[in-house]
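> File follows, final-v7.cif with mmCIF, C-alpha atoms, pLDDT in the B column; chains and numbers go by the auth columns:
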data_final
loop_
_atom_site.group_PDB
_atom_site.id
_atom_site.type_symbol
_atom_site.label_atom_id
_atom_site.label_comp_id
_atom_site.label_asym_id
_atom_site.label_seq_id
_atom_site.Cartn_x
_atom_site.Cartn_y
_atom_site.Cartn_z
_atom_site.B_iso_or_equiv
_atom_site.auth_seq_id
_atom_site.auth_asym_id
ATOM 1 C CA MET A 1 -43.093 34.003 -27.148 44.00 1 A
ATOM 2 C CA SER A 2 -41.373 36.968 -25.481 46.00 2 A
ATOM 3 C CA GLN A 3 -41.885 35.445 -22.027 47.00 3 A
ATOM 4 C CA GLN A 4 -40.560 32.087 -23.249 49.00 4 A
ATOM 5 C CA MET A 5 -37.444 33.761 -24.665 44.00 5 A
ATOM 6 C CA SER A 6 -36.956 35.684 -21.408 55.00 6 A
ATOM 7 C CA LEU A 7 -37.133 32.470 -19.396 53.00 7 A
ATOM 8 C CA LYS A 8 -34.722 30.776 -21.795 60.00 8 A
ATOM 9 C CA GLU A 9 -32.252 33.656 -21.532 60.00 9 A
ATOM 10 C CA ALA A 10 -32.618 33.731 -17.745 57.00 10 A
ATOM 11 C CA GLU A 11 -31.843 30.013 -17.570 58.00 11 A
ATOM 12 C CA ARG A 12 -28.870 30.507 -19.885 61.00 12 A
ATOM 13 C CA LYS A 13 -27.503 33.258 -17.611 62.00 13 A
ATOM 14 C CA ALA A 14 -28.020 31.070 -14.578 60.00 14 A
ATOM 15 C CA PHE A 15 -26.258 28.189 -16.297 61.00 15 A
ATOM 16 C CA ARG A 16 -23.285 30.366 -17.254 64.00 16 A
ATOM 17 C CA SER A 17 -23.059 31.575 -13.646 67.00 17 A
ATOM 18 C CA THR A 18 -21.777 28.074 -12.801 73.00 18 A
ATOM 19 C CA TYR A 19 -18.393 29.054 -14.241 82.00 19 A
ATOM 20 C CA GLN A 20 -18.202 32.722 -13.285 85.00 20 A
ATOM 21 C CA ASP A 21 -16.454 31.956 -9.987 89.00 21 A
ATOM 22 C CA GLY A 22 -13.280 30.843 -11.790 91.00 22 A
ATOM 23 C CA LEU A 23 -12.951 27.674 -9.707 92.00 23 A
ATOM 24 C CA THR A 24 -13.205 25.367 -12.711 90.00 24 A
ATOM 25 C CA ASP A 25 -10.482 27.370 -14.455 93.00 25 A
ATOM 26 C CA ILE A 26 -8.240 27.165 -11.390 94.00 26 A
ATOM 27 C CA LEU A 27 -8.779 23.402 -11.190 91.00 27 A
ATOM 28 C CA TRP A 28 -7.863 22.945 -14.867 90.00 28 A
ATOM 29 C CA GLY A 29 -4.787 25.139 -14.537 92.00 29 A
ATOM 30 C CA LEU A 30 -3.517 23.383 -11.421 91.00 30 A
ATOM 31 C CA TYR A 31 -4.112 19.998 -13.002 88.00 31 A
ATOM 32 C CA LEU A 32 -1.931 20.863 -15.977 88.00 32 A
ATOM 33 C CA LEU A 33 0.761 22.329 -13.713 87.00 33 A
ATOM 34 C CA LEU A 34 0.749 19.842 -10.835 84.00 34 A
ATOM 35 C CA GLY A 35 -0.878 16.745 -12.275 81.00 35 A
ATOM 36 C CA ASN A 36 -0.042 16.311 -15.914 81.00 36 A
ATOM 37 C CA SER A 37 3.355 18.035 -15.790 84.00 37 A
ATOM 38 C CA SER A 38 4.463 15.981 -12.785 84.00 38 A
ATOM 39 C CA ALA A 39 3.918 12.731 -14.718 81.00 39 A
ATOM 40 C CA ILE A 40 6.108 13.991 -17.556 81.00 40 A
ATOM 41 C CA ILE A 41 8.838 15.206 -15.196 84.00 41 A
ATOM 42 C CA LEU A 42 8.876 11.913 -13.283 85.00 42 A
ATOM 43 C CA ALA A 43 9.080 9.989 -16.563 80.00 43 A
ATOM 44 C CA ASN A 44 12.093 12.094 -17.549 79.00 44 A
ATOM 45 C CA LEU A 45 13.674 11.234 -14.196 83.00 45 A
ATOM 46 C CA GLY A 46 13.357 7.526 -14.949 81.00 46 A
ATOM 47 C CA VAL A 47 10.226 6.708 -12.950 80.00 47 A
ATOM 48 C CA GLU A 48 8.333 4.010 -14.812 76.00 48 A
ATOM 49 C CA GLY A 49 4.897 2.420 -14.792 70.00 49 A
ATOM 50 C CA LEU A 50 2.068 3.640 -12.616 72.00 50 A
ATOM 51 C CA LYS A 51 4.435 5.272 -10.118 79.00 51 A
ATOM 52 C CA LYS A 52 4.881 8.347 -12.288 80.00 52 A
ATOM 53 C CA TYR A 53 1.117 8.889 -12.270 79.00 53 A
ATOM 54 C CA ILE A 54 0.764 8.881 -8.477 83.00 54 A
ATOM 55 C CA PRO A 55 0.963 12.707 -8.172 83.00 55 A
ATOM 56 C CA MET A 56 -1.588 13.045 -10.975 82.00 56 A
ATOM 57 C CA PHE A 57 -4.091 10.673 -9.366 84.00 57 A
ATOM 58 C CA THR A 58 -3.458 12.270 -5.971 86.00 58 A
ATOM 59 C CA PHE A 59 -4.220 15.690 -7.377 86.00 59 A
ATOM 60 C CA LEU A 60 -7.416 14.427 -9.001 84.00 60 A
ATOM 61 C CA VAL A 61 -8.659 13.244 -5.600 89.00 61 A
ATOM 62 C CA VAL A 62 -7.438 16.193 -3.520 90.00 62 A
ATOM 63 C CA GLY A 63 -8.251 18.760 -6.214 89.00 63 A
ATOM 64 C CA GLY A 64 -11.713 17.312 -6.747 89.00 64 A
ATOM 65 C CA ALA A 65 -12.457 17.434 -3.019 93.00 65 A
ATOM 66 C CA GLY A 66 -11.159 21.007 -2.797 93.00 66 A
ATOM 67 C CA PHE A 67 -13.239 22.038 -5.791 91.00 67 A
ATOM 68 C CA TRP A 68 -16.399 20.555 -4.244 92.00 68 A
ATOM 69 C CA ALA A 69 -15.712 22.280 -0.913 94.00 69 A
ATOM 70 C CA ALA A 70 -15.042 25.634 -2.585 92.00 70 A
ATOM 71 C CA LYS A 71 -18.256 25.381 -4.590 89.00 71 A
ATOM 72 C CA LYS A 72 -20.227 24.564 -1.456 90.00 72 A
ATOM 73 C CA TYR A 73 -18.720 27.062 0.961 91.00 73 A
ATOM 74 C CA ILE A 74 -17.671 29.925 -1.349 90.00 74 A
ATOM 75 C CA THR A 75 -19.854 29.925 -4.455 88.00 75 A
ATOM 76 C CA THR A 76 -23.234 28.653 -3.270 86.00 76 A
ATOM 77 C CA PRO A 77 -23.572 31.115 -0.336 87.00 77 A
ATOM 78 C CA ARG A 78 -23.054 33.945 -2.827 84.00 78 A
ATOM 79 C CA ILE A 79 -25.217 32.993 -5.825 79.00 79 A
ATOM 80 C CA GLY A 80 -27.366 30.167 -4.471 76.00 80 A
ATOM 81 C CA LEU A 81 -28.477 27.057 -6.351 69.00 81 A
ATOM 82 C CA VAL A 82 -30.386 26.969 -9.617 64.00 82 A
ATOM 83 C CA LYS A 83 -32.625 24.185 -10.913 67.00 83 A
ATOM 84 C CA PHE A 84 -32.847 23.859 -14.692 65.00 84 A
ATOM 85 C CA GLY A 85 -35.610 22.770 -17.009 67.00 85 A
ATOM 86 C CA PRO A 86 -35.897 19.395 -18.771 74.00 86 A
ATOM 87 C CA LYS A 87 -34.306 20.620 -22.044 72.00 87 A
ATOM 88 C CA ARG A 88 -31.215 21.912 -20.261 69.00 88 A
ATOM 89 C CA ARG A 89 -30.950 18.719 -18.188 73.00 89 A
ATOM 90 C CA LYS A 90 -31.250 16.604 -21.357 77.00 90 A
ATOM 91 C CA LYS A 91 -28.496 18.667 -22.958 74.00 91 A
ATOM 92 C CA MET A 92 -26.307 18.160 -19.916 73.00 92 A
ATOM 93 C CA ASN A 93 -26.924 14.405 -19.953 78.00 93 A
ATOM 94 C CA ARG A 94 -25.718 14.223 -23.547 78.00 94 A
ATOM 95 C CA MET A 95 -22.642 16.197 -22.603 74.00 95 A
ATOM 96 C CA ARG A 96 -21.921 13.838 -19.704 77.00 96 A
ATOM 97 C CA ILE A 97 -22.130 10.861 -22.069 84.00 97 A
ATOM 98 C CA VAL A 98 -19.619 12.446 -24.464 78.00 98 A
ATOM 99 C CA LEU A 99 -17.333 13.354 -21.562 75.00 99 A
ATOM 100 C CA ALA A 100 -17.576 9.850 -20.114 81.00 100 A
ATOM 101 C CA ILE A 101 -16.646 8.323 -23.472 83.00 101 A
ATOM 102 C CA ALA A 102 -13.674 10.697 -23.747 76.00 102 A
ATOM 103 C CA VAL A 103 -12.484 9.854 -20.233 75.00 103 A
ATOM 104 C CA VAL A 104 -12.822 6.101 -20.779 81.00 104 A
ATOM 105 C CA ALA A 105 -11.040 6.286 -24.136 77.00 105 A
ATOM 106 C CA THR A 106 -8.204 8.291 -22.588 72.00 106 A
ATOM 107 C CA PHE A 107 -7.904 5.868 -19.681 74.00 107 A
ATOM 108 C CA VAL A 108 -7.836 2.848 -22.015 76.00 108 A
ATOM 109 C CA LEU A 109 -5.099 4.389 -24.166 70.00 109 A
ATOM 110 C CA LEU A 110 -3.120 5.292 -21.046 67.00 110 A
ATOM 111 C CA LEU A 111 -3.456 1.764 -19.663 70.00 111 A
ATOM 112 C CA LEU A 112 -2.481 0.185 -22.978 69.00 112 A
ATOM 113 C CA THR A 113 0.564 2.458 -23.161 64.00 113 A
ATOM 114 C CA ILE A 114 1.654 1.506 -19.637 62.00 114 A
ATOM 115 C CA LEU A 115 1.251 -2.197 -20.461 65.00 115 A
ATOM 116 C CA GLY A 116 3.267 -1.740 -23.658 64.00 116 A
ATOM 117 C CA LEU A 117 0.348 -2.738 -25.888 63.00 117 A
ATOM 118 C CA PHE A 118 0.113 0.706 -27.464 60.00 118 A
ATOM 119 C CA ASN A 119 3.473 1.998 -28.685 62.00 119 A
ATOM 120 C CA PRO A 120 3.205 4.690 -31.385 58.00 120 A
ATOM 121 C CA ALA A 121 6.991 5.205 -31.264 56.00 121 A
ATOM 122 C CA GLY A 122 7.440 1.815 -32.919 57.00 122 A
ATOM 123 C CA TRP A 123 5.137 2.531 -35.820 56.00 123 A
ATOM 124 C CA GLU A 124 6.370 3.245 -39.351 56.00 124 A
ATOM 125 C CA TRP A 125 5.064 6.816 -39.406 56.00 125 A
ATOM 126 C CA PRO A 126 6.228 9.473 -36.886 57.00 126 A
ATOM 127 C CA GLY A 127 4.933 8.894 -33.385 59.00 127 A
ATOM 128 C CA TRP A 128 3.934 12.540 -33.024 63.00 128 A
ATOM 129 C CA THR A 129 1.145 12.029 -35.576 71.00 129 A
ATOM 130 C CA VAL A 130 -0.753 10.137 -32.892 71.00 130 A
ATOM 131 C CA ASP A 131 -0.275 13.073 -30.518 76.00 131 A
ATOM 132 C CA VAL A 132 -1.613 15.437 -33.174 80.00 132 A
ATOM 133 C CA GLY A 133 -4.677 13.229 -33.538 79.00 133 A
ATOM 134 C CA PHE A 134 -5.192 13.110 -29.786 80.00 134 A
ATOM 135 C CA GLY A 135 -4.764 16.895 -29.616 86.00 135 A
ATOM 136 C CA VAL A 136 -7.507 17.323 -32.223 87.00 136 A
ATOM 137 C CA PHE A 137 -9.682 14.967 -30.175 86.00 137 A
ATOM 138 C CA VAL A 138 -9.127 17.090 -27.041 88.00 138 A
ATOM 139 C CA ILE A 139 -9.993 20.283 -28.934 91.00 139 A
ATOM 140 C CA PHE A 140 -13.187 18.691 -30.267 88.00 140 A
ATOM 141 C CA VAL A 141 -14.321 17.427 -26.853 87.00 141 A
ATOM 142 C CA CYS A 142 -13.560 20.718 -25.096 89.00 142 A
ATOM 143 C CA SER A 143 -15.320 22.710 -27.837 91.00 143 A
ATOM 144 C CA TYR A 144 -18.385 20.506 -27.556 87.00 144 A
ATOM 145 C CA ILE A 145 -18.473 20.918 -23.772 85.00 145 A
ATOM 146 C CA ALA A 146 -17.924 24.681 -24.110 87.00 146 A
ATOM 147 C CA TYR A 147 -20.876 24.926 -26.490 86.00 147 A
ATOM 148 C CA THR A 148 -23.117 22.705 -24.380 82.00 148 A
ATOM 149 C CA THR A 149 -22.387 24.401 -21.064 80.00 149 A
ATOM 150 C CA ASP A 150 -22.090 28.018 -22.283 81.00 150 A
ATOM 151 C CA TYR A 151 -18.530 28.058 -20.977 85.00 151 A
ATOM 152 C CA PRO A 152 -16.746 30.104 -23.703 89.00 152 A
ATOM 153 C CA ARG A 153 -13.332 30.132 -22.008 92.00 153 A
ATOM 154 C CA LEU A 154 -13.167 26.378 -22.523 91.00 154 A
ATOM 155 C CA TYR A 155 -12.734 26.959 -26.263 94.00 155 A
ATOM 156 C CA LEU A 156 -9.411 28.629 -25.484 95.00 156 A
ATOM 157 C CA TYR A 157 -8.442 25.970 -22.952 95.00 157 A
ATOM 158 C CA GLY A 158 -9.229 23.215 -25.435 93.00 158 A
ATOM 159 C CA TRP A 159 -6.866 24.725 -27.980 95.00 159 A
ATOM 160 C CA LEU A 160 -4.168 25.285 -25.355 95.00 160 A
ATOM 161 C CA MET A 161 -4.330 21.669 -24.204 92.00 161 A
ATOM 162 C CA GLY A 162 -4.796 20.251 -27.696 91.00 162 A
ATOM 163 C CA LEU A 163 -1.728 22.076 -29.010 92.00 163 A
ATOM 164 C CA SER A 164 0.328 21.232 -25.911 91.00 164 A
ATOM 165 C CA ILE A 165 0.126 17.513 -26.639 87.00 165 A
ATOM 166 C CA PRO A 166 1.983 17.482 -29.985 87.00 166 A
ATOM 167 C CA ALA A 167 4.082 20.522 -29.005 90.00 167 A
ATOM 168 C CA SER A 168 5.624 18.620 -26.086 87.00 168 A
ATOM 169 C CA VAL A 169 6.484 15.659 -28.304 83.00 169 A
ATOM 170 C CA LEU A 170 7.905 17.820 -31.088 86.00 170 A
ATOM 171 C CA LEU A 171 10.018 19.868 -28.660 88.00 171 A
ATOM 172 C CA GLU A 172 11.472 16.683 -27.224 82.00 172 A
ATOM 173 C CA GLU A 173 12.039 14.998 -30.592 80.00 173 A
ATOM 174 C CA TYR A 174 13.519 17.926 -32.527 83.00 174 A
ATOM 175 C CA ALA A 175 14.879 20.255 -29.825 85.00 175 A
ATOM 176 C CA GLY A 176 15.747 17.816 -27.056 84.00 176 A
ATOM 177 C CA ILE A 177 13.562 19.687 -24.553 84.00 177 A
ATOM 178 C CA THR A 178 12.106 17.142 -22.140 83.00 178 A
ATOM 179 C CA PHE A 179 10.741 19.651 -19.633 86.00 179 A
ATOM 180 C CA PRO A 180 6.951 20.000 -20.174 87.00 180 A
ATOM 181 C CA ILE A 181 7.202 23.680 -21.082 92.00 181 A
ATOM 182 C CA ALA A 182 4.092 23.598 -23.294 91.00 182 A
ATOM 183 C CA TRP A 183 1.977 22.236 -20.430 91.00 183 A
ATOM 184 C CA VAL A 184 3.462 24.714 -17.968 91.00 184 A
ATOM 185 C CA ILE A 185 2.635 27.632 -20.263 93.00 185 A
ATOM 186 C CA SER A 186 -0.912 26.369 -20.906 94.00 186 A
ATOM 187 C CA GLY A 187 -1.529 25.617 -17.241 93.00 187 A
ATOM 188 C CA SER A 188 -0.181 29.003 -16.173 95.00 188 A
ATOM 189 C CA ILE A 189 -2.424 30.872 -18.628 96.00 189 A
ATOM 190 C CA ILE A 190 -5.506 28.975 -17.478 95.00 190 A
ATOM 191 C CA LEU A 191 -4.589 29.384 -13.794 95.00 191 A
ATOM 192 C CA VAL A 192 -4.047 33.155 -14.131 96.00 192 A
ATOM 193 C CA ILE A 193 -7.399 33.543 -15.916 96.00 193 A
ATOM 194 C CA GLY A 194 -9.051 31.482 -13.173 95.00 194 A
ATOM 195 C CA ILE A 195 -7.519 33.533 -10.350 96.00 195 A
ATOM 196 C CA ILE A 196 -8.537 36.820 -11.990 96.00 196 A
ATOM 197 C CA THR A 197 -12.067 35.498 -12.553 94.00 197 A
ATOM 198 C CA PHE A 198 -12.246 34.275 -8.946 94.00 198 A
ATOM 199 C CA ILE A 199 -11.133 37.660 -7.567 95.00 199 A
ATOM 200 C CA ARG A 200 -13.742 39.434 -9.682 93.00 200 A
ATOM 201 C CA PHE A 201 -16.366 36.967 -8.478 91.00 201 A
ATOM 202 C CA LEU A 202 -15.569 37.686 -4.829 92.00 202 A
ATOM 203 C CA ARG A 203 -15.728 41.415 -5.569 91.00 203 A
ATOM 204 C CA ASP A 204 -19.028 41.267 -7.480 88.00 204 A
ATOM 205 C CA TYR A 205 -20.700 38.784 -5.135 85.00 205 A
ATOM 206 C CA PRO A 206 -19.878 39.656 -1.518 88.00 206 A
ATOM 207 C CA LEU A 207 -20.997 37.156 1.082 82.00 207 A
ATOM 208 C CA PRO A 208 -24.594 38.083 2.051 76.00 208 A
ATOM 209 C CA THR A 209 -25.443 38.510 5.702 71.00 209 A
ATOM 210 C CA ASP A 210 -28.999 37.182 5.347 61.00 210 A
ATOM 211 C CA GLY A 211 -28.327 33.881 3.554 55.00 211 A
ATOM 212 C CA PRO A 212 -27.767 32.924 -0.085 51.00 212 A
ATOM 213 C CA PRO A 213 -29.397 35.186 -2.711 53.00 213 A
ATOM 214 C CA SER A 214 -32.430 34.051 -4.600 50.00 214 A
ATOM 215 C CA THR A 215 -32.171 32.867 -8.188 47.00 215 A
ATOM 216 C CA GLU A 216 -33.641 36.181 -9.396 48.00 216 A
ATOM 217 C CA GLU A 217 -31.072 38.200 -7.426 48.00 217 A
ATOM 218 C CA ALA A 218 -28.208 36.096 -8.769 49.00 218 A
ATOM 219 C CA LEU A 219 -29.455 36.541 -12.339 47.00 219 A
ATOM 220 C CA ASN A 220 -29.811 40.296 -11.925 49.00 220 A
ATOM 221 C CA ALA A 221 -26.274 40.486 -10.576 47.00 221 A
ATOM 222 C CA SER A 222 -24.848 38.420 -13.450 47.00 222 A
ATOM 223 C CA GLY A 223 -26.815 40.288 -16.100 49.00 223 A
#
Take the structure in this file and express it as C-alpha cells.

Amino acid sequence: MSQQMSLKEAERKAFRSTYQDGLTDILWGLYLLLGNSSAIILANLGVEGLKKYIPMFTFLVVGGAGFWAAKKYITTPRIGLVKFGPKRRKKMNRMRIVLAIAVVATFVLLLLTILGLFNPAGWEWPGWTVDVGFGVFVIFVCSYIAYTTDYPRLYLYGWLMGLSIPASVLLEEYAGITFPIAWVISGSIILVIGIITFIRFLRDYPLPTDGPPSTEEALNASG
C-alpha cells in the first residue's frame, strides 16, 4: 500500500511539473491581452464581423506554435518527458472531452452572435445576465480542469476570466467604459504570474550538459 501511494504521489508530482515552467500561464495572459482584448477594441472602433477576430485567431496560431516550441526546446531538455499510467490517462481523456465541449459551445455561440442569430441585447431581461451565466460556465470549466490536471493556479485564472466577462459588459452599460479594462487587468495578473514562474523554473532547472534529466531526477527536483 505504501509503495502504491508513493508511486501515485510521484506521478502526481510529475503531472504537476507540466505547469511549473509558467509557459501555460504566459500563453493565457497573452491571449487575454493580445487576443481577446484586441477583438473588443476593434469592435469599439467599428470593425464588424469576422474581421475583428483576425488578431485573436492569429494569436491562437502563432501563440500555439510558440508554446509548442518553448515546451520542446526549453522545458523538455530540463525536466524530460514523463509517461503516465492508465488511470491518469483516462482522467485526462475525460478532461479533454469536457474541454472540447466547452470550446465547441463557445465557438457555436460566437458564430451565432456574428450571424445575428444570437442577440441577448434584444431580450426582455438585461443582456448582461447572459454574460454572468457564461462567466459562471468559464469558472466551472476552469475549476474542473484545474482539479483534473493538478494545476491550482487555474482556479484563480478561472475566476479572473469568469468575472471579466460580466464586468466588461457592466462597465460599458453603466459607466460608458468601452476599453476592455477588466480583461487587461486579468491578463496582466496572469502574465506576471507566468513570467515569475518561468524565471523560477529557469533558475531551479538549469539546462543540463549531459542531456535531459531522468524522470526520477525531475521528481526529486520538484519535490
> As a PDB file with C-alpha atoms, in the frame of the given file, please: the residues near range 128-145 of chain A (cut-off 9 Å, only C-alpha atoms, same-chain neighbours under 6 positions excluded).

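In the end it all went to selection_38.pdb:
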ATOM      1  CA  MET A  95     -22.642  16.197 -22.603  1.00 74.00           C
ATOM      2  CA  ARG A  96     -21.921  13.838 -19.704  1.00 77.00           C
ATOM      3  CA  VAL A  98     -19.619  12.446 -24.464  1.00 78.00           C
ATOM      4  CA  LEU A  99     -17.333  13.354 -21.562  1.00 75.00           C
ATOM      5  CA  ALA A 102     -13.674  10.697 -23.747  1.00 76.00           C
ATOM      6  CA  PRO A 120       3.205   4.690 -31.385  1.00 58.00           C
ATOM      7  CA  ALA A 121       6.991   5.205 -31.264  1.00 56.00           C
ATOM      8  CA  TYR A 151     -18.530  28.058 -20.977  1.00 85.00           C
ATOM      9  CA  PRO A 152     -16.746  30.104 -23.703  1.00 89.00           C
ATOM     10  CA  LEU A 154     -13.167  26.378 -22.523  1.00 91.00           C
ATOM     11  CA  TYR A 155     -12.734  26.959 -26.263  1.00 94.00           C
ATOM     12  CA  LEU A 156      -9.411  28.629 -25.484  1.00 95.00           C
ATOM     13  CA  TYR A 157      -8.442  25.970 -22.952  1.00 95.00           C
ATOM     14  CA  GLY A 158      -9.229  23.215 -25.435  1.00 93.00           C
ATOM     15  CA  TRP A 159      -6.866  24.725 -27.980  1.00 95.00           C
ATOM     16  CA  LEU A 160      -4.168  25.285 -25.355  1.00 95.00           C
ATOM     17  CA  MET A 161      -4.330  21.669 -24.204  1.00 92.00           C
ATOM     18  CA  GLY A 162      -4.796  20.251 -27.696  1.00 91.00           C
ATOM     19  CA  LEU A 163      -1.728  22.076 -29.010  1.00 92.00           C
ATOM     20  CA  SER A 164       0.328  21.232 -25.911  1.00 91.00           C
ATOM     21  CA  ILE A 165       0.126  17.513 -26.639  1.00 87.00           C
ATOM     22  CA  PRO A 166       1.983  17.482 -29.985  1.00 87.00           C
ATOM     23  CA  ALA A 167       4.082  20.522 -29.005  1.00 90.00           C
ATOM     24  CA  VAL A 169       6.484  15.659 -28.304  1.00 83.00           C
ATOM     25  CA  LEU A 170       7.905  17.820 -31.088  1.00 86.00           C
ATOM     26  CA  GLU A 173      12.039  14.998 -30.592  1.00 80.00           C
TER      27      GLU A 173
END
> Need to verify the contact set: Ile199 in chain A, 12 Å, all atoms listed in the file, exclusion of same-chain residues closer than 5 positions in sequence. Can you return it as a PyMOL selection string?
chain A and resi 20-23+26+74+192-194+204-206
> From the set A:Leu207, A:Val104, A:Ala43, A:Met56, which residue has the shortest atom-to-atom contact distance to Thr76 in chain A, counting all atoms listed in the file?
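Among the listed residues, the smallest separation from Thr76 in chain A belongs to A:Leu207.
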> With 6 Å of padding per side, what axis-aligned box (centre and edge lengths, Å, one decimal) covers all the listed atoms of range 194-209 of chain A? Give it as JSON.

{"center_x": -16.5, "center_y": 36.4, "center_z": -3.7, "size_x": 29.9, "size_y": 21.9, "size_z": 30.9}
> Scan for residues within 12 Å of the point (6.4, 25.1, -17.9) in the coordinates of the file, using all atoms listed in the file, and reply as a JSON list (two decimals) with C-alpha atoms, in the frame of the given file.

[["chain", "number", "residue", "atom", "x", "y", "z"],
["A", 29, "GLY", "CA", -4.79, 25.14, -14.54],
["A", 30, "LEU", "CA", -3.52, 23.38, -11.42],
["A", 32, "LEU", "CA", -1.93, 20.86, -15.98],
["A", 33, "LEU", "CA", 0.76, 22.33, -13.71],
["A", 34, "LEU", "CA", 0.75, 19.84, -10.84],
["A", 36, "ASN", "CA", -0.04, 16.31, -15.91],
["A", 37, "SER", "CA", 3.36, 18.04, -15.79],
["A", 38, "SER", "CA", 4.46, 15.98, -12.78],
["A", 40, "ILE", "CA", 6.11, 13.99, -17.56],
["A", 41, "ILE", "CA", 8.84, 15.21, -15.20],
["A", 164, "SER", "CA", 0.33, 21.23, -25.91],
["A", 168, "SER", "CA", 5.62, 18.62, -26.09],
["A", 177, "ILE", "CA", 13.56, 19.69, -24.55],
["A", 178, "THR", "CA", 12.11, 17.14, -22.14],
["A", 179, "PHE", "CA", 10.74, 19.65, -19.63],
["A", 180, "PRO", "CA", 6.95, 20.00, -20.17],
["A", 181, "ILE", "CA", 7.20, 23.68, -21.08],
["A", 182, "ALA", "CA", 4.09, 23.60, -23.29],
["A", 183, "TRP", "CA", 1.98, 22.24, -20.43],
["A", 184, "VAL", "CA", 3.46, 24.71, -17.97],
["A", 185, "ILE", "CA", 2.64, 27.63, -20.26],
["A", 186, "SER", "CA", -0.91, 26.37, -20.91],
["A", 187, "GLY", "CA", -1.53, 25.62, -17.24],
["A", 188, "SER", "CA", -0.18, 29.00, -16.17],
["A", 189, "ILE", "CA", -2.42, 30.87, -18.63]]
> At what distance in Å, to one decimal, does CA of Tyr147 in chain A lie from CA of Ile97 in chain A?
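Computed distance, CA of Ile97 in chain A to CA of Tyr147 in chain A, equals 14.8 Å.
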> Mind pulling up the distance from CA of Val61 in chain A to CA of Ile195 in chain A?
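It comes out at 20.9 Å.
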